[in-house]
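Enquirer: Take a look at this one; I'll ask things after.
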Amino acid sequence: MKLLIPTCLLLLTACKAAGQLEIDQERLDWGEVDFHSEECMDCSCADGCGLTPILLNNTGEGPLEIEMPNGFDDSHICIDGYDSVTKLSLGTLQPGEFFLLNVSVCGYLPGELNTSGEDPPREVTGKLRFATNGTPSKATIDFSFIPVRRQE
């Protein structure tokens, strides 16, 4: 009888409904981003450059906590409504709920700007990393862009 009780508790714990993260983007590839654009000089407008929505959906049967354990690369990327901090909590999604993250390019570092005629062009790359208490426990989205300034 003593062995039966721990076994039953283990089975109940294993059968607990879990959340499941589904992301509608595998990669963000903005191509060339012009930081001299008259519409949004230096990508400093509210939406940055190349605003791209990312849908994070809980397709599982239990709650799903989502965080960005390392925050995000705010030297290059902006996520509307969020500041980059370690262990950035995006919140908890119930089954069938989703987050819509608006991600855009916001900057480049010294030495990353492409000058005319560079072959191959210098590409900025990175990852958005997510962690969950469900399945998968970790997920990433690769991003890339080529910073340019076209003065015509």
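Letters for chains follow the order of the structure tokens (A, B, ...), residue numbers begin at 1 for each chain, and ligand numbers begin at 1 in the order shown.
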Excluding stretch 129-146 of chain A and any residue of its chain fewer than 5 positions from it, enumerate the residues within 9 Å of it, using only C-alpha atoms, and give them as a PyMOL selection string.
Expert: chain A and resi 18-23+25-34+60+62-72+105+112-114+121-124
Enquirer: Would you please extract all strand (DSSP E) residues from chain A, as assigned by DSSP on the backbone, and give them as a PyMOL selection string?
Expert: chain A and resi 21-23+27-34+49-58+64-68+77-79+88-93+98-105+124-132+138-148
Enquirer: DSSP says helix (DSSP H, G or I) for which residues of chain A? Put them as a list in words?
Expert: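 These are the residues in question: Leu4, Ile5, Pro6, Thr7, Cys8, Leu9, Leu10, Leu11, Leu12, Thr13, Ala14, Met41, Asp42 and Cys43 of chain A.
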Enquirer: Could you give me, as a list in words, the residues within 12 Å of A:Met41, counting only C-alpha atoms and dropping anything in the same chain fewer than 6 positions from it?
Expert: Val33, Asp34, Phe35, Asp47, Gly48, Cys49, Cys106, Gly107, Val148, Arg149, Arg150 and Gln151 of chain A
Enquirer: Keeping only N, CA and C atoms, take the residues you just selected and write them out as a compact mmCIF listing (two decimals), in the first residue's frame.
Expert:
# COMPACT_ATOMS: atom_id res chain seq x y z
N VAL A 33 17.85 47.40 -44.96
CA VAL A 33 17.07 48.38 -44.20
C VAL A 33 17.76 49.72 -44.37
N ASP A 34 17.05 50.69 -44.95
CA ASP A 34 17.61 52.01 -45.23
C ASP A 34 17.40 52.92 -44.01
N PHE A 35 18.49 53.27 -43.35
CA PHE A 35 18.43 54.12 -42.17
C PHE A 35 18.42 55.60 -42.54
N ASP A 47 7.36 52.81 -34.91
CA ASP A 47 7.37 51.41 -35.32
C ASP A 47 8.73 50.91 -35.76
N GLY A 48 9.77 51.75 -35.67
CA GLY A 48 11.07 51.32 -36.18
C GLY A 48 10.98 51.12 -37.68
N CYS A 49 11.80 50.24 -38.24
CA CYS A 49 11.76 49.92 -39.67
C CYS A 49 11.35 48.46 -39.84
N CYS A 106 15.67 48.62 -35.26
CA CYS A 106 15.77 49.95 -34.66
C CYS A 106 17.17 50.56 -34.70
N GLY A 107 18.18 49.79 -35.06
CA GLY A 107 19.51 50.38 -35.05
C GLY A 107 20.59 49.43 -35.53
N VAL A 148 21.87 49.96 -44.36
CA VAL A 148 22.39 50.81 -45.42
C VAL A 148 21.89 52.24 -45.19
N ARG A 149 22.53 53.19 -45.84
CA ARG A 149 22.06 54.59 -45.89
C ARG A 149 22.13 55.02 -47.35
N ARG A 150 20.98 55.18 -47.95
CA ARG A 150 20.91 55.62 -49.36
C ARG A 150 20.55 57.09 -49.39
N GLN A 151 21.48 57.91 -49.82
CA GLN A 151 21.24 59.35 -49.93
C GLN A 151 21.12 59.69 -51.40
Enquirer: Quick one: of A:Leu109, A:Asn102, A:His76, A:Leu128, who's nearest to A:Leu88, counting only C-alpha atoms?
Expert: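 For A:Leu88, the nearest of the given residues is A:Leu128.
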